[in-house]
file model30.pdb (PDB, C-alpha atoms)
ATOM      1  CA  MET A   1      45.181   3.861  -6.401
ATOM      2  CA  SER A   2      48.116   4.983  -4.320
ATOM      3  CA  ILE A   3      49.957   2.895  -1.796
ATOM      4  CA  THR A   4      51.040   4.672   1.383
ATOM      5  CA  PRO A   5      54.271   3.558   2.964
ATOM      6  CA  ILE A   6      54.021   1.551   6.164
ATOM      7  CA  GLU A   7      56.530   2.334   8.961
ATOM      8  CA  GLY A   8      59.174   3.871   6.758
ATOM      9  CA  LYS A   9      59.015   1.231   3.978
ATOM     10  CA  PRO A  10      59.228   2.697   0.487
ATOM     11  CA  SER A  11      56.058   2.513  -1.578
ATOM     12  CA  GLN A  12      56.713   0.049  -4.387
ATOM     13  CA  VAL A  13      54.025  -0.907  -6.847
ATOM     14  CA  ARG A  14      53.938  -3.753  -9.343
ATOM     15  CA  TYR A  15      51.290  -4.709 -11.865
ATOM     16  CA  CYS A  16      49.604  -8.039 -12.513
ATOM     17  CA  GLN A  17      50.940  -9.639 -15.674
ATOM     18  CA  TYR A  18      47.471 -11.066 -16.468
ATOM     19  CA  CYS A  19      44.980  -8.256 -15.817
ATOM     20  CA  GLY A  20      47.182  -5.177 -15.297
ATOM     21  CA  LYS A  21      45.908  -4.239 -11.816
ATOM     22  CA  GLU A  22      48.234  -2.704  -9.239
ATOM     23  CA  LEU A  23      49.924  -5.048  -6.750
ATOM     24  CA  THR A  24      52.018  -4.402  -3.696
ATOM     25  CA  ILE A  25      55.596  -5.612  -3.815
ATOM     26  CA  GLU A  26      54.793  -8.379  -1.289
ATOM     27  CA  ALA A  27      51.747  -9.754  -3.179
ATOM     28  CA  ASN A  28      51.848 -13.390  -4.258
ATOM     29  CA  PHE A  29      48.382 -13.387  -5.829
ATOM     30  CA  CYS A  30      46.450 -10.745  -7.707
ATOM     31  CA  LEU A  31      43.427  -9.566  -5.732
ATOM     32  CA  ASN A  32      41.577  -8.786  -8.959
ATOM     33  CA  CYS A  33      41.979 -11.932 -11.063
ATOM     34  CA  GLY A  34      43.283 -14.352  -8.408
ATOM     35  CA  LYS A  35      46.233 -15.584 -10.469
ATOM     36  CA  PRO A  36      49.628 -16.151  -8.848
ATOM     37  CA  VAL A  37      52.177 -13.498  -9.680
ATOM     38  CA  SER A  38      55.900 -14.010  -9.812
ATOM     39  CA  PRO A  39      58.256 -11.861  -7.744
ATOM     40  CA  GLN A  40      59.988 -10.808 -10.955
ATOM     41  CA  THR A  41      56.858  -9.127 -12.337
ATOM     42  CA  PRO A  42      58.069  -5.991 -14.088
ATOM     43  CA  PRO A  43      56.839  -2.707 -12.626
ATOM     44  CA  THR A  44      55.250  -1.621 -15.889
ATOM     45  CA  PRO A  45      51.536  -2.061 -16.449
ATOM     46  CA  HIS A  46      50.381  -4.758 -18.854
ATOM     47  CA  ARG A  47      46.809  -4.078 -19.793
ATOM     48  CA  VAL A  48      44.542  -5.396 -22.510
ATOM     49  CA  PRO A  49      43.988  -2.431 -24.791
ATOM     50  CA  VAL A  50      40.439  -1.181 -24.727
ATOM     51  CA  VAL A  51      39.835   1.049 -27.683
ATOM     52  CA  THR A  52      36.778   3.154 -28.214
ATOM     53  CA  PRO A  53      35.519   3.285 -31.785
ATOM     54  CA  MET A  54      36.241   7.020 -31.887
ATOM     55  CA  GLN A  55      39.907   6.431 -30.976
ATOM     56  CA  ALA A  56      40.289   3.830 -33.678
ATOM     57  CA  GLY A  57      38.270   5.773 -36.230
ATOM     58  CA  LEU A  58      35.838   2.851 -36.400
ATOM     59  CA  ASN A  59      32.179   2.405 -35.686
ATOM     60  CA  PHE A  60      30.456  -0.267 -33.708
ATOM     61  CA  LYS A  61      27.663  -2.077 -35.504
ATOM     62  CA  ASN A  62      24.279  -1.574 -33.872
ATOM     63  CA  GLU A  63      22.935  -4.994 -32.841
ATOM     64  CA  GLY A  64      19.319  -3.804 -32.960
ATOM     65  CA  LEU A  65      19.744  -2.400 -36.471
ATOM     66  CA  THR A  66      21.451  -5.621 -37.515
ATOM     67  CA  SER A  67      18.441  -7.616 -36.296
ATOM     68  CA  LEU A  68      16.021  -5.227 -37.995
ATOM     69  CA  LEU A  69      17.884  -5.451 -41.306
ATOM     70  CA  SER A  70      17.972  -9.229 -40.941
ATOM     71  CA  LEU A  71      14.187  -9.237 -41.142
ATOM     72  CA  PHE A  72      14.754  -8.262 -44.774
ATOM     73  CA  GLY A  73      17.734 -10.594 -45.229
ATOM     74  CA  ILE A  74      20.450  -7.930 -45.316
ATOM     75  CA  GLY A  75      21.905  -8.056 -41.793
ATOM     76  CA  HIS A  76      25.075  -9.854 -42.917
ATOM     77  CA  ILE A  77      25.583  -7.320 -45.709
ATOM     78  CA  TYR A  78      25.334  -4.474 -43.150
ATOM     79  CA  LEU A  79      28.059  -6.190 -41.099
ATOM     80  CA  GLY A  80      30.323  -6.362 -44.145
ATOM     81  CA  LYS A  81      30.050 -10.135 -44.628
ATOM     82  CA  LEU A  82      29.175  -9.913 -48.341
ATOM     83  CA  MET A  83      30.289 -13.453 -49.192
ATOM     84  CA  ARG A  84      27.833 -14.732 -46.604
ATOM     85  CA  GLY A  85      25.104 -12.106 -46.945
ATOM     86  CA  ILE A  86      24.589 -12.162 -50.711
ATOM     87  CA  PRO A  87      24.102 -15.969 -50.966
ATOM     88  CA  ILE A  88      21.708 -15.824 -47.991
ATOM     89  CA  LEU A  89      19.746 -13.020 -49.623
ATOM     90  CA  LEU A  90      19.607 -14.901 -52.944
ATOM     91  CA  LEU A  91      18.509 -18.088 -51.164
ATOM     92  CA  LEU A  92      15.750 -16.194 -49.345
ATOM     93  CA  ILE A  93      14.518 -14.506 -52.530
ATOM     94  CA  GLY A  94      14.690 -17.726 -54.549
ATOM     95  CA  SER A  95      12.967 -19.933 -51.993
ATOM     96  CA  PHE A  96      10.259 -17.316 -51.414
ATOM     97  CA  TRP A  97       9.673 -16.946 -55.143
ATOM     98  CA  ILE A  98       9.489 -20.697 -55.769
ATOM     99  CA  ALA A  99       7.231 -21.307 -52.754
ATOM    100  CA  SER A 100       4.845 -18.482 -53.634
ATOM    101  CA  SER A 101       4.695 -19.566 -57.295
ATOM    102  CA  TYR A 102       3.787 -23.130 -56.362
ATOM    103  CA  TRP A 103       1.280 -21.980 -53.727
ATOM    104  CA  HIS A 104      -0.334 -19.790 -56.392
ATOM    105  CA  ASP A 105      -0.474 -22.605 -58.966
ATOM    106  CA  ALA A 106      -1.800 -25.099 -56.400
ATOM    107  CA  ASN A 107      -4.553 -22.716 -55.290
ATOM    108  CA  LEU A 108      -5.495 -21.819 -58.871
ATOM    109  CA  LEU A 109      -5.588 -25.475 -59.914
ATOM    110  CA  SER A 110      -7.650 -26.341 -56.853
ATOM    111  CA  TYR A 111     -10.120 -23.535 -57.592
ATOM    112  CA  LEU A 112     -10.485 -24.497 -61.257
ATOM    113  CA  ALA A 113     -10.913 -28.192 -60.423
ATOM    114  CA  SER A 114     -13.583 -27.425 -57.822
ATOM    115  CA  ASN A 115     -15.508 -25.436 -60.449
ATOM    116  CA  TYR A 116     -15.066 -28.160 -63.098
ATOM    117  CA  GLU A 117     -13.090 -25.901 -65.430
ATOM    118  CA  TYR A 118     -11.209 -28.780 -67.048
ATOM    119  CA  ASN A 119     -10.825 -26.955 -70.374
ATOM    120  CA  LEU A 120      -8.821 -24.214 -68.647
ATOM    121  CA  ILE A 121      -6.849 -26.798 -66.687
ATOM    122  CA  TYR A 122      -5.919 -28.525 -69.920
ATOM    123  CA  ASP A 123      -4.973 -25.219 -71.583
ATOM    124  CA  ILE A 124      -2.733 -24.141 -68.705
ATOM    125  CA  TRP A 125      -1.197 -27.394 -67.415
ATOM    126  CA  LYS A 126      -2.130 -29.987 -70.088
ATOM    127  CA  LEU A 127      -3.833 -32.183 -67.469
ATOM    128  CA  GLU A 128      -6.553 -34.360 -68.953
ATOM    129  CA  SER A 129      -8.148 -36.281 -66.087
ATOM    130  CA  PRO A 130      -9.173 -35.672 -62.478
ATOM    131  CA  SER A 131      -6.511 -38.161 -61.320
ATOM    132  CA  GLN A 132      -3.814 -36.104 -63.081
ATOM    133  CA  VAL A 133      -5.218 -32.969 -61.410
ATOM    134  CA  LYS A 134      -5.014 -34.629 -57.965
ATOM    135  CA  SER A 135      -1.474 -35.786 -58.649
ATOM    136  CA  ALA A 136      -0.439 -32.302 -59.825
ATOM    137  CA  LEU A 137      -2.061 -30.731 -56.749
ATOM    138  CA  ALA A 138      -0.147 -33.062 -54.432
ATOM    139  CA  GLU A 139       3.083 -32.229 -56.253
ATOM    140  CA  PHE A 140       2.445 -28.462 -56.146
ATOM    141  CA  TYR A 141       1.594 -28.494 -52.445
ATOM    142  CA  THR A 142       4.637 -30.652 -51.622
ATOM    143  CA  ILE A 143       7.051 -28.364 -53.478
ATOM    144  CA  ALA A 144       5.403 -25.233 -52.039
ATOM    145  CA  THR A 145       5.632 -26.620 -48.505
ATOM    146  CA  PHE A 146       9.267 -27.658 -48.911
ATOM    147  CA  PHE A 147      10.402 -24.248 -50.160
ATOM    148  CA  SER A 148       8.308 -22.491 -47.508
ATOM    149  CA  ILE A 149      10.123 -24.483 -44.812
ATOM    150  CA  VAL A 150      13.498 -23.668 -46.420
ATOM    151  CA  PHE A 151      12.609 -19.976 -46.537
ATOM    152  CA  ILE A 152      11.390 -19.822 -42.922
ATOM    153  CA  GLY A 153      14.339 -21.860 -41.608
ATOM    154  CA  VAL A 154      16.995 -19.773 -43.370
ATOM    155  CA  TRP A 155      15.180 -16.552 -42.470
ATOM    156  CA  ILE A 156      15.106 -17.360 -38.732
ATOM    157  CA  TRP A 157      18.690 -18.689 -38.698
ATOM    158  CA  GLN A 158      20.169 -15.644 -40.427
ATOM    159  CA  ILE A 159      18.495 -13.264 -37.946
ATOM    160  CA  PHE A 160      20.189 -14.994 -34.997
ATOM    161  CA  ASP A 161      23.468 -15.469 -36.877
ATOM    162  CA  SER A 162      23.761 -11.818 -37.869
ATOM    163  CA  ARG A 163      23.067 -10.681 -34.300
ATOM    164  CA  LYS A 164      25.775 -13.046 -33.022
ATOM    165  CA  LEU A 165      28.184 -11.677 -35.650
ATOM    166  CA  ALA A 166      27.356  -8.090 -34.616
ATOM    167  CA  LYS A 167      28.281  -8.906 -31.020
ATOM    168  CA  TYR A 168      31.528 -10.545 -32.170
ATOM    169  CA  TYR A 169      32.300  -7.585 -34.459
ATOM    170  CA  ASN A 170      31.798  -5.036 -31.662
ATOM    171  CA  GLU A 171      33.870  -7.010 -29.149
ATOM    172  CA  TYR A 172      36.681  -7.437 -31.672
ATOM    173  CA  VAL A 173      36.708  -3.706 -32.494
ATOM    174  CA  ARG A 174      36.667  -2.864 -28.775
ATOM    175  CA  THR A 175      39.602  -5.115 -27.900
ATOM    176  CA  HIS A 176      41.749  -4.962 -31.051
ATOM    177  CA  GLY A 177      41.027  -1.485 -32.422
ATOM    178  CA  LYS A 178      40.352  -2.774 -35.912
ATOM    179  CA  THR A 179      37.586  -4.567 -37.763
ATOM    180  CA  PRO A 180      37.647  -8.367 -37.756
ATOM    181  CA  TRP A 181      37.079  -8.706 -41.506
TER
END
call {"tool": "encode", "arguments": {"input": "model30.pdb", "output": "structure tokens"}}
result
Amino acid sequence: MSITPIEGKPSQVRYCQYCGKELTIEANFCLNCGKPVSPQTPPTPHRVPVVTPMQAGLNFKNEGLTSLLSLFGIGHIYLGKLMRGIPILLLLIGSFWIASSYWHDANLLSYLASNYEYNLIYDIWKLESPSQVKSALAEFYTIATFFSIVFIGVWIWQIFDSRKLAKYYNEYVRTHGKTPW
């Protein structure tokens, strides 16, 4: 933007100390950001550096890919947050494994009990009476439900968290020209 002189006045340009936009010498407020500017504002531009990833030799992280990888529990690892991503992945694998094991045992025990296969029940779980079978079933279903809730809760949380971290990562790279971690 160029300033044309008015009635023989020299064209003098200053820059806003907050946003870096051009100001006229007479301006008391910045028309862009609305902040008051001091008369001693230096005539050099002060701008927030905006760096493209190519200039910095860095890459943005794709938010869609981050979300897709998070479906498999590895979104944080893709973002470079290994100390967060690996425990999350281990928690997801462990809770899924425990939940599925207990669901399997509960369903097998329920099937065998409904077919009066108490000899097999005794051989596998050492349960001797129908009341012990009912108690074991309640325990298996409780543990399976608990670990299923843990798995689903952590799985949903880490999808949203990794997407939020991808946005933060990209904004940090854009404004600082380096990776945040």
call {"tool": "residues_near_point", "arguments": {"input": "model30.pdb", "point": "(22.7, -6.5, -34.6)", "cutoff": "8 Å", "atoms": "only C-alpha atoms", "output": "count of residues only"}}
result
15
call {"tool": "resolve_selection", "arguments": {"input": "model30.pdb", "expression": "the PyMOL selection byres ((chain A and resi 134-137) around 10)", "output": "PDB file with C-alpha atoms, keeping the file's coordinate frame"}}
result
ATOM      1  CA  TYR A 102       3.787 -23.130 -56.362  1.00  0.00           C
ATOM      2  CA  TRP A 103       1.280 -21.980 -53.727  1.00  0.00           C
ATOM      3  CA  ASP A 105      -0.474 -22.605 -58.966  1.00  0.00           C
ATOM      4  CA  ALA A 106      -1.800 -25.099 -56.400  1.00  0.00           C
ATOM      5  CA  ASN A 107      -4.553 -22.716 -55.290  1.00  0.00           C
ATOM      6  CA  LEU A 108      -5.495 -21.819 -58.871  1.00  0.00           C
ATOM      7  CA  LEU A 109      -5.588 -25.475 -59.914  1.00  0.00           C
ATOM      8  CA  SER A 110      -7.650 -26.341 -56.853  1.00  0.00           C
ATOM      9  CA  ALA A 113     -10.913 -28.192 -60.423  1.00  0.00           C
ATOM     10  CA  TRP A 125      -1.197 -27.394 -67.415  1.00  0.00           C
ATOM     11  CA  LEU A 127      -3.833 -32.183 -67.469  1.00  0.00           C
ATOM     12  CA  SER A 129      -8.148 -36.281 -66.087  1.00  0.00           C
ATOM     13  CA  PRO A 130      -9.173 -35.672 -62.478  1.00  0.00           C
ATOM     14  CA  SER A 131      -6.511 -38.161 -61.320  1.00  0.00           C
ATOM     15  CA  GLN A 132      -3.814 -36.104 -63.081  1.00  0.00           C
ATOM     16  CA  VAL A 133      -5.218 -32.969 -61.410  1.00  0.00           C
ATOM     17  CA  ALA A 138      -0.147 -33.062 -54.432  1.00  0.00           C
ATOM     18  CA  GLU A 139       3.083 -32.229 -56.253  1.00  0.00           C
ATOM     19  CA  PHE A 140       2.445 -28.462 -56.146  1.00  0.00           C
ATOM     20  CA  TYR A 141       1.594 -28.494 -52.445  1.00  0.00           C
ATOM     21  CA  THR A 142       4.637 -30.652 -51.622  1.00  0.00           C
ATOM     22  CA  ILE A 143       7.051 -28.364 -53.478  1.00  0.00           C
TER      23      ILE A 143
END
call {"tool": "resolve_selection", "arguments": {"input": "model30.pdb", "expression": "the PyMOL selection byres ((chain A and resi 145-149) around 7)", "output": "PyMOL selection string"}}
result
chain A and resi 95-96+98-99+141-144+150-153
call {"tool": "atom_distance", "arguments": {"input": "model30.pdb", "atom1": "CA of Thr179 (chain A)", "atom2": "CA of Cys16 (chain A)"}}
result
28.2 Å
call {"tool": "closest_residue", "arguments": {"input": "model30.pdb", "among": "A:Phe29, A:Tyr111, A:Tyr15, A:Tyr169", "to": "Tyr78 (chain A)", "atoms": "all atoms listed in the file"}}
result
A:Tyr169
call {"tool": "closest_residue", "arguments": {"input": "model30.pdb", "among": "A:Cys19, A:Leu92, A:Val154, A:Ile159", "to": "His76 (chain A)", "atoms": "all atoms listed in the file"}}
result
A:Ile159
call {"tool": "decode", "arguments": {"input": "model30.pdb", "residues": "region 47-176 of chain A", "atoms": "C-alpha atoms", "output": "mmCIF file, in the first residue's frame"}}
result
data_model
loop_
_atom_site.group_PDB
_atom_site.id
_atom_site.type_symbol
_atom_site.label_atom_id
_atom_site.label_comp_id
_atom_site.auth_asym_id
_atom_site.auth_seq_id
_atom_site.Cartn_x
_atom_site.Cartn_y
_atom_site.Cartn_z
ATOM 1 C CA ARG A 47 5.458 -8.584 11.897
ATOM 2 C CA VAL A 48 4.784 -11.992 13.376
ATOM 3 C CA PRO A 49 6.823 -14.360 11.246
ATOM 4 C CA VAL A 50 4.690 -16.664 9.170
ATOM 5 C CA VAL A 51 6.775 -19.518 7.911
ATOM 6 C CA THR A 52 5.673 -22.044 5.369
ATOM 7 C CA PRO A 53 6.784 -25.600 6.053
ATOM 8 C CA MET A 54 8.854 -25.551 2.861
ATOM 9 C CA GLN A 55 10.794 -22.481 4.054
ATOM 10 C CA ALA A 56 11.538 -24.091 7.381
ATOM 11 C CA GLY A 57 12.250 -27.503 5.892
ATOM 12 C CA LEU A 58 9.403 -28.914 7.988
ATOM 13 C CA ASN A 59 6.156 -30.637 7.229
ATOM 14 C CA PHE A 60 2.737 -29.969 8.600
ATOM 15 C CA LYS A 61 0.972 -32.957 10.102
ATOM 16 C CA ASN A 62 -2.207 -33.883 8.256
ATOM 17 C CA GLU A 63 -5.121 -33.638 10.707
ATOM 18 C CA GLY A 64 -7.226 -36.120 8.727
ATOM 19 C CA LEU A 65 -4.409 -38.678 8.663
ATOM 20 C CA THR A 66 -3.864 -38.119 12.373
ATOM 21 C CA SER A 67 -7.534 -38.908 13.036
ATOM 22 C CA LEU A 68 -7.410 -41.956 10.767
ATOM 23 C CA LEU A 69 -4.301 -43.307 12.497
ATOM 24 C CA SER A 70 -5.942 -42.639 15.855
ATOM 25 C CA LEU A 71 -8.600 -45.185 14.951
ATOM 26 C CA PHE A 72 -5.784 -47.709 15.354
ATOM 27 C CA GLY A 73 -4.281 -45.970 18.394
ATOM 28 C CA ILE A 74 -1.188 -44.555 16.687
ATOM 29 C CA GLY A 75 -2.128 -40.912 16.065
ATOM 30 C CA HIS A 76 0.097 -39.615 18.878
ATOM 31 C CA ILE A 77 3.024 -41.667 17.576
ATOM 32 C CA TYR A 78 2.556 -40.105 14.105
ATOM 33 C CA LEU A 79 2.728 -36.653 15.726
ATOM 34 C CA GLY A 80 6.003 -37.552 17.428
ATOM 35 C CA LYS A 81 4.570 -37.764 20.956
ATOM 36 C CA LEU A 82 6.078 -41.195 21.700
ATOM 37 C CA MET A 83 5.956 -40.836 25.488
ATOM 38 C CA ARG A 84 2.217 -40.282 25.207
ATOM 39 C CA GLY A 85 1.456 -42.500 22.214
ATOM 40 C CA ILE A 86 3.146 -45.721 23.322
ATOM 41 C CA PRO A 87 1.416 -45.890 26.753
ATOM 42 C CA ILE A 88 -1.925 -45.125 25.066
ATOM 43 C CA LEU A 89 -1.339 -47.869 22.515
ATOM 44 C CA LEU A 90 -0.347 -50.347 25.245
ATOM 45 C CA LEU A 91 -3.404 -49.391 27.311
ATOM 46 C CA LEU A 92 -5.677 -49.900 24.297
ATOM 47 C CA ILE A 93 -4.140 -53.280 23.443
ATOM 48 C CA GLY A 94 -4.175 -54.442 27.066
ATOM 49 C CA SER A 95 -7.730 -53.369 27.831
ATOM 50 C CA PHE A 96 -8.989 -54.865 24.561
ATOM 51 C CA TRP A 97 -7.202 -58.139 25.249
ATOM 52 C CA ILE A 98 -8.482 -58.408 28.826
ATOM 53 C CA ALA A 99 -12.047 -57.459 27.849
ATOM 54 C CA SER A 100 -12.179 -59.893 24.933
ATOM 55 C CA SER A 101 -10.690 -62.712 27.040
ATOM 56 C CA TYR A 102 -13.289 -62.253 29.766
ATOM 57 C CA TRP A 103 -16.125 -61.910 27.240
ATOM 58 C CA HIS A 104 -14.956 -65.175 25.665
ATOM 59 C CA ASP A 105 -14.751 -66.997 29.013
ATOM 60 C CA ALA A 106 -18.135 -65.640 30.138
ATOM 61 C CA ASN A 107 -19.815 -66.735 26.903
ATOM 62 C CA LEU A 108 -18.161 -70.167 26.972
ATOM 63 C CA LEU A 109 -19.105 -70.707 30.616
ATOM 64 C CA SER A 110 -22.654 -69.577 29.910
ATOM 65 C CA TYR A 111 -22.933 -71.954 26.944
ATOM 66 C CA LEU A 112 -21.550 -74.922 28.886
ATOM 67 C CA ALA A 113 -23.795 -74.225 31.887
ATOM 68 C CA SER A 114 -26.884 -73.978 29.678
ATOM 69 C CA ASN A 115 -26.043 -77.391 28.195
ATOM 70 C CA TYR A 116 -25.335 -78.913 31.633
ATOM 71 C CA GLU A 117 -21.699 -79.658 30.815
ATOM 72 C CA TYR A 118 -20.572 -79.462 34.440
ATOM 73 C CA ASN A 119 -17.721 -81.940 33.922
ATOM 74 C CA LEU A 120 -16.123 -79.585 31.389
ATOM 75 C CA ILE A 121 -16.797 -76.602 33.638
ATOM 76 C CA TYR A 122 -15.012 -78.352 36.475
ATOM 77 C CA ASP A 123 -12.083 -79.325 34.225
ATOM 78 C CA ILE A 124 -11.613 -75.788 32.909
ATOM 79 C CA TRP A 125 -12.499 -73.538 35.867
ATOM 80 C CA LYS A 126 -12.730 -75.957 38.839
ATOM 81 C CA LEU A 127 -16.301 -74.824 39.579
ATOM 82 C CA GLU A 128 -18.332 -77.494 41.336
ATOM 83 C CA SER A 129 -21.851 -76.126 41.775
ATOM 84 C CA PRO A 130 -24.359 -74.049 39.816
ATOM 85 C CA SER A 131 -24.045 -71.256 42.408
ATOM 86 C CA GLN A 132 -20.280 -71.088 41.780
ATOM 87 C CA VAL A 133 -20.985 -70.966 38.027
ATOM 88 C CA LYS A 134 -23.407 -68.038 38.508
ATOM 89 C CA SER A 135 -20.900 -66.225 40.692
ATOM 90 C CA ALA A 136 -18.106 -66.783 38.148
ATOM 91 C CA LEU A 137 -20.373 -65.578 35.325
ATOM 92 C CA ALA A 138 -21.185 -62.379 37.215
ATOM 93 C CA GLU A 139 -17.483 -61.813 37.861
ATOM 94 C CA PHE A 140 -16.511 -62.466 34.222
ATOM 95 C CA TYR A 141 -19.198 -60.151 32.864
ATOM 96 C CA THR A 142 -18.288 -57.405 35.358
ATOM 97 C CA ILE A 143 -14.584 -57.509 34.476
ATOM 98 C CA ALA A 144 -15.341 -57.719 30.738
ATOM 99 C CA THR A 145 -17.686 -54.730 30.948
ATOM 100 C CA PHE A 146 -15.216 -52.655 32.960
ATOM 101 C CA PHE A 147 -12.337 -53.199 30.533
ATOM 102 C CA SER A 148 -14.640 -52.635 27.552
ATOM 103 C CA ILE A 149 -15.600 -49.237 28.987
ATOM 104 C CA VAL A 150 -11.917 -48.414 29.619
ATOM 105 C CA PHE A 151 -11.034 -49.390 26.056
ATOM 106 C CA ILE A 152 -13.868 -47.391 24.460
ATOM 107 C CA GLY A 153 -13.252 -44.336 26.665
ATOM 108 C CA VAL A 154 -9.503 -44.198 25.999
ATOM 109 C CA TRP A 155 -10.048 -44.935 22.306
ATOM 110 C CA ILE A 156 -12.496 -42.033 21.845
ATOM 111 C CA TRP A 157 -10.424 -39.625 23.970
ATOM 112 C CA GLN A 158 -7.173 -40.289 22.116
ATOM 113 C CA ILE A 159 -8.826 -39.647 18.729
ATOM 114 C CA PHE A 160 -9.911 -36.153 19.814
ATOM 115 C CA ASP A 161 -6.661 -35.487 21.685
ATOM 116 C CA SER A 162 -4.444 -36.386 18.740
ATOM 117 C CA ARG A 163 -6.478 -34.177 16.395
ATOM 118 C CA LYS A 164 -6.148 -31.273 18.849
ATOM 119 C CA LEU A 165 -2.385 -31.895 19.049
ATOM 120 C CA ALA A 166 -2.137 -31.938 15.234
ATOM 121 C CA LYS A 167 -3.780 -28.512 15.081
ATOM 122 C CA TYR A 168 -1.420 -27.202 17.777
ATOM 123 C CA TYR A 169 1.590 -28.737 15.996
ATOM 124 C CA ASN A 170 0.687 -27.125 12.655
ATOM 125 C CA GLU A 171 0.023 -23.707 14.198
ATOM 126 C CA TYR A 172 3.306 -23.835 16.108
ATOM 127 C CA VAL A 173 5.266 -24.780 12.968
ATOM 128 C CA ARG A 174 3.508 -22.016 11.013
ATOM 129 C CA THR A 175 4.274 -19.289 13.549
ATOM 130 C CA HIS A 176 7.650 -20.372 14.957
#
